[in-house]
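Right, one structure below, let's go through it.
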Amino acid sequence: MNGEVLVRGWTVSSGVQVGPARVVTDPDSDIAVRNGEILVVPQSHPSYSVALMRASGLICEQGASVSHLCTVALEAGIPCITQAVGALSLIRSGQLIMLDADKGVVYAYGA
Amino acid sequence: MPMEPEAGLKAYRDALTIAWQYNDYRDWPVRMTAAMHLFCDRFAAEFMADLEALSLAGYDDLAIARAFGSPVRLTRIADSVLFGLKRLRTTLDDQRQMILRLMEMAQRLKYGSPFNEDGRNLIWSPAAAAAHAAATPFRRVVGGEAGAVQRLCGALFAYTESIFFRAHDITKEFHGLYPLEGGEQLLIREYRSLRPHEIWPDAPLLPCSTVRVSTIYGPGLQLDIDFYNHLYLRQGNYLGDLRRYAVEVDGRLLPPDEIPGLMEQIAGTVSYITRQIDPAPWQDRVEKYAEIFWFRKRPLQDLRGVDWRVPAAVRERIRTGELFEPRMKLLDREQIARLIHMTV
């Protein structure tokens with residue numbers, strides 16, 4: 001079940017996903033995203049696109065809805081929100097979250 | 001038919017307003033607006049000279065437009081040329097004439113308006129779209145195929161950014177939505193020039209030059225495409241609405257079991273290029289951008305039969321120049337509106 005609202009953002013690509021968050025802040029690091037994780041990133045960078053292909057959702061802290069990474073998510077049919085202010089500090093890697101991209105809301109899940 | 005100047009310029013401003021207001025100028029790998037002054041005047045001067053030389057050589061604008069192959073290449077190159085013309089201090093009238101000429105050239109490659117006012121990018125006529133739908137051996141979506149096809153589309157989009165940065169209009173154009181019988185809608189994703197060895201001589205580029213992904217969605221999907229080829233999903237969902245698809249690689253129909261292999265190759269290229277570019281000094285990144293820009297206008301040089309490569313003087317200017325810090329910041333909507341008003 002969904003719990004408290006962690007962050008809100010703009011809907012880029014609709015859909016609802018539940019999964020563990022994967023917070024990544026360095027595009028040059030080896031981004032070992034596991035299948036089904038929800039990727040949380042600061043902004044668009046092509047390196048994140050590769051990781052995104054294994055993710056079930058995308059939360060961008062900054063960037064416009066037609067930024068490249070958001071468009072990649074849209075094209076891939078992956079639920080995505082952007083302008084999720086505070087996402088990097090409010091969401092922890094491994095935390096179970098629900099991304100409701102239809103409403104542009106991220107919830108803590110199962111707490 | 002020539003565009004009525006005032007109406008054409010207004011449509012251009014309106015289209016720019018849509019394309020720029022949702023845009024993101026946290027450019028990878030370098031903020032273009034902060035580097036344009038290092039080469040855009042030379043770029044625009046060559047662009048004008050090329051057009052003039054081709055006209056004198058007897059090429060009409062349709063032949064020149066066809067050399068670019070895709071209307072979005074003309075609509076998206078226009079603001080770069082315009083920026084250069086401003087740096088060259090050409091007259092406002094000359095700048096407007098150039099915009100109108102490029103928009104007219106784009107129009108001649110399309111069935112619909114170059115400005116996509118209604119949110120559709122219609123290159124084909126309704127009859128041509130219906131003929132494509134009838135002739136293409138579409139595969140009906142079963143199981144998780146919608147996810148696999150859409151992830152391939154996402155990966156291809158990422159690939160275009162990694163090889164051409166923000167000038168990815170060189171390589172791709174999405175067109176549609178074309179209405180079909182029964183409320184279905186056809187969307188075509190065309191990718192060309194996928195092996196630019198001239199730009200990336202050592203990169204593990206894809207083994208193919210073209211990919212076309214033809215997709216038929218149900219009536220629930222509402223998607224707008226602006227004149228910069230940005231996508232805006234208004235309603236529905238690609239995964240839920242995808243009904244049939246066909247992926248053609250260099251004209252060969254790609255079986256579904258080959259999609260993961262293609263995606264793996266794409267991921268390899270994206271990772272290789274970002275690892276090359278990210279640690280490079282800004283001068284290298286801007287020089288690479290200049291190479292991409294000259295490659296972008298290469299169709300003109302190829303028609304003329306002259307070398308298309310970046311002049312040594314441009315490379316030298318980048319090496320000895322500076323980024324323009326004030327243009328590093330993001331603009332708000334009001335500033336963008338003012339910029340567009342000042343632009344044309």
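Residues in the structure tokens are named by chain (A, B, ... in the order shown) and by number from 1 within that chain; ligands are numbered from 1 in the order shown.
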
If you take only C-alpha atoms and a cut-off of 12 Å, which residues of segment 2-109 of chain A touch segment 249-264 of chain B, and what are their nearest atom pairs and distances in Å to one decimal, in chain and number order, as a Markdown table?
| residue | atom | partner | partner_atom | distance |
| --- | --- | --- | --- | --- |
| A:Ser49 | CA | B:Met263 | CA | 11.5 |
| A:Val50 | CA | B:Glu264 | CA | 9.3 |
| A:Ala51 | CA | B:Glu264 | CA | 11.7 |
| A:Met53 | CA | B:Met263 | CA | 9.0 |
| A:Arg54 | CA | B:Met263 | CA | 11.2 |
| A:Ala76 | CA | B:Met263 | CA | 11.9 |

Mind writing the picked residues with N, CA and C atoms as an mmCIF file, in the first residue's frame?
data_model
loop_
_atom_site.group_PDB
_atom_site.id
_atom_site.type_symbol
_atom_site.label_atom_id
_atom_site.label_comp_id
_atom_site.auth_asym_id
_atom_site.auth_seq_id
_atom_site.Cartn_x
_atom_site.Cartn_y
_atom_site.Cartn_z
ATOM 1 N N SER A 49 20.457 6.865 -19.916
ATOM 2 C CA SER A 49 19.555 6.200 -20.866
ATOM 3 C C SER A 49 19.805 4.705 -20.910
ATOM 4 N N VAL A 50 21.075 4.331 -20.832
ATOM 5 C CA VAL A 50 21.417 2.906 -20.875
ATOM 6 C C VAL A 50 20.829 2.204 -19.647
ATOM 7 N N ALA A 51 21.008 2.830 -18.489
ATOM 8 C CA ALA A 51 20.458 2.249 -17.259
ATOM 9 C C ALA A 51 18.931 2.223 -17.294
ATOM 10 N N MET A 53 16.981 1.569 -19.599
ATOM 11 C CA MET A 53 16.391 0.460 -20.355
ATOM 12 C C MET A 53 16.066 -0.747 -19.463
ATOM 13 N N ARG A 54 16.693 -0.798 -18.281
ATOM 14 C CA ARG A 54 16.386 -1.900 -17.352
ATOM 15 C C ARG A 54 15.428 -1.463 -16.242
ATOM 16 N N ALA A 76 10.200 4.825 -24.627
ATOM 17 C CA ALA A 76 10.311 3.446 -24.136
ATOM 18 C C ALA A 76 9.053 2.991 -23.413
#

> So which residues touch segment 305-320 of chain B within 9 Å, counting only C-alpha atoms, skipping near sequence neighbours fewer than 4 positions away, as a VMD selection string?
Replying inline: chain B and resid 35 38 to 39 42 283 to 284 286 to 287 290 to 291 293 to 295 297 to 301

Could you build a table of the residues in chain A lying no more than 8 Å from chain B, giving for each the nearest pair of atoms and their separation in Å rounded to one decimal place, using only C-alpha atoms, ordered by chain and ascending residue number, as CSV?
residue,atom,partner,partner_atom,distance
A:Val12,CA,B:Leu233,CA,7.5
A:Ser13,CA,B:Leu233,CA,7.1
A:Ser14,CA,B:Asn237,CA,6.6
A:Gly15,CA,B:Asn237,CA,7.8
A:Asp28,CA,B:Arg275,CA,7.1
A:Ser44,CA,B:Arg26,CA,7.7
A:His45,CA,B:Trp28,CA,6.6
A:Pro46,CA,B:Ala158,CA,6.3
A:Ser47,CA,B:Ser271,CA,6.3
A:Ser49,CA,B:Ala158,CA,6.2
A:Val50,CA,B:Ala267,CA,5.6
A:Met53,CA,B:Arg151,CA,6.5
A:Gly63,CA,B:Asp24,CA,5.9
A:Ala64,CA,B:Asp24,CA,5.1
A:Ser65,CA,B:Tyr22,CA,6.3
A:Val66,CA,B:Asn23,CA,5.7
A:Ser67,CA,B:Asp24,CA,5.3
A:His68,CA,B:Ala158,CA,7.4
A:Leu69,CA,B:Ala158,CA,7.6
A:Thr71,CA,B:Leu231,CA,7.4
A:Val72,CA,B:Gly154,CA,4.4
A:Ala73,CA,B:Gly154,CA,6.4
A:Leu74,CA,B:Gly154,CA,7.4
A:Glu75,CA,B:Gly154,CA,4.7
A:Ala76,CA,B:Arg151,CA,4.0
A:Gly77,CA,B:Tyr238,CA,5.7

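For Ile199 of chain B, the residues within 10 Å (counting only C-alpha atoms, excluding itself and residues fewer than 6 positions away along the chain) are Ile163, Phe164, Lys288, Tyr289, Glu291, Ile292 and Phe295 of chain B.
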
Please report, as CSV, each residue of segment 6-63 of chain B lying at most 6 Å from segment 83-98 of chain B, together with the nearest pair of atoms and the separation in Å rounded to one decimal; use only C-alpha atoms, and order rows by chain and ascending residue number.
residue,atom,partner,partner_atom,distance
B:Cys40,CA,B:Gly84,CA,4.6
B:Asp41,CA,B:Gly84,CA,4.0
B:Ala44,CA,B:Gly84,CA,4.9

With C-alpha atoms retained, write the just-selected residues as a PDB file, in the first residue's frame.
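out21.pdb was written with the following content:
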ATOM      1  CA  CYS B  40      28.090  29.918 -35.958  1.00  0.00           C
ATOM      2  CA  ASP B  41      28.983  33.012 -37.973  1.00  0.00           C
ATOM      3  CA  ALA B  44      26.008  30.678 -41.510  1.00  0.00           C
TER       4      ALA B  44
END

> Of the residues A:Tyr109, A:Tyr48, A:Val5, A:Trp10, which is the one nearest to Ala84 of chain A, using only C-alpha atoms?
Replying inline: A:Trp10

>> For the strand (DSSP E) assignment from backbone DSSP, which residues of segment 18-197 of chain B qualify? Please present them as JSON, numbers by chain.
In response: {"B": [139, 140, 172, 173, 174, 175, 176, 177, 178, 179, 185, 186, 187, 188, 189, 190, 191]}

> Using the chain letters and numbers from this document, which residues of segment 136-302 of chain B does DSSP assign to alpha helix (DSSP H), as a PyMOL selection string?
Replying inline: chain B and resi 145-164+238-241+259-277+282-296+298-302

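Of the listed residues (B:Tyr191, B:Tyr59, B:Tyr178, B:Trp124), B:Tyr191 comes nearest to Cys208 of chain B; the distances count only C-alpha atoms.
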
>> One decimal, in Å: what's the spacing between atom CA of Gly94 of chain A and atom CA of Cys60 of chain A?
In response: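 If I compute the distance from atom CA of Gly94 of chain A to atom CA of Cys60 of chain A, I get 16.9 Å.
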
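Look at segment 109-115 of chain B: the protein and nucleic acid residues within 8 Å of it, using only C-alpha atoms and passing over chain neighbours fewer than 5 places away, are Ala11, Tyr12, Ala15, Leu62, Ala65, Arg66, Gly69, Ser70, Pro71, Thr75, Met103, Glu104, Asn121, Leu122, Ile123, Trp124, Ser125, Asp226 and Phe227 of chain B.
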
> Leaving out Asp118 of chain B and any residue of its chain fewer than 2 positions from it, which residues lie within 8 Å of it when counting only C-alpha atoms, given as a list in words?
Replying inline: Asn116, Arg120 and Asp224 of chain B

> Closest to Ser193 of chain B among B:Tyr217, B:Phe43, B:Phe68, B:Phe138, using only C-alpha atoms?
Replying inline: B:Phe68

>> Quick one: residues within 10 Å of Ile97 of chain A, only C-alpha atoms, excluding same-chain residues fewer than 6 positions away - as a ChimeraX atom specification?
In response: /A:1-6,17-21,37-38,91,106-111

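Across the structure, atom CA of Leu9 of chain B and atom CA of Phe47 of chain B are spaced 20.3 Å apart.
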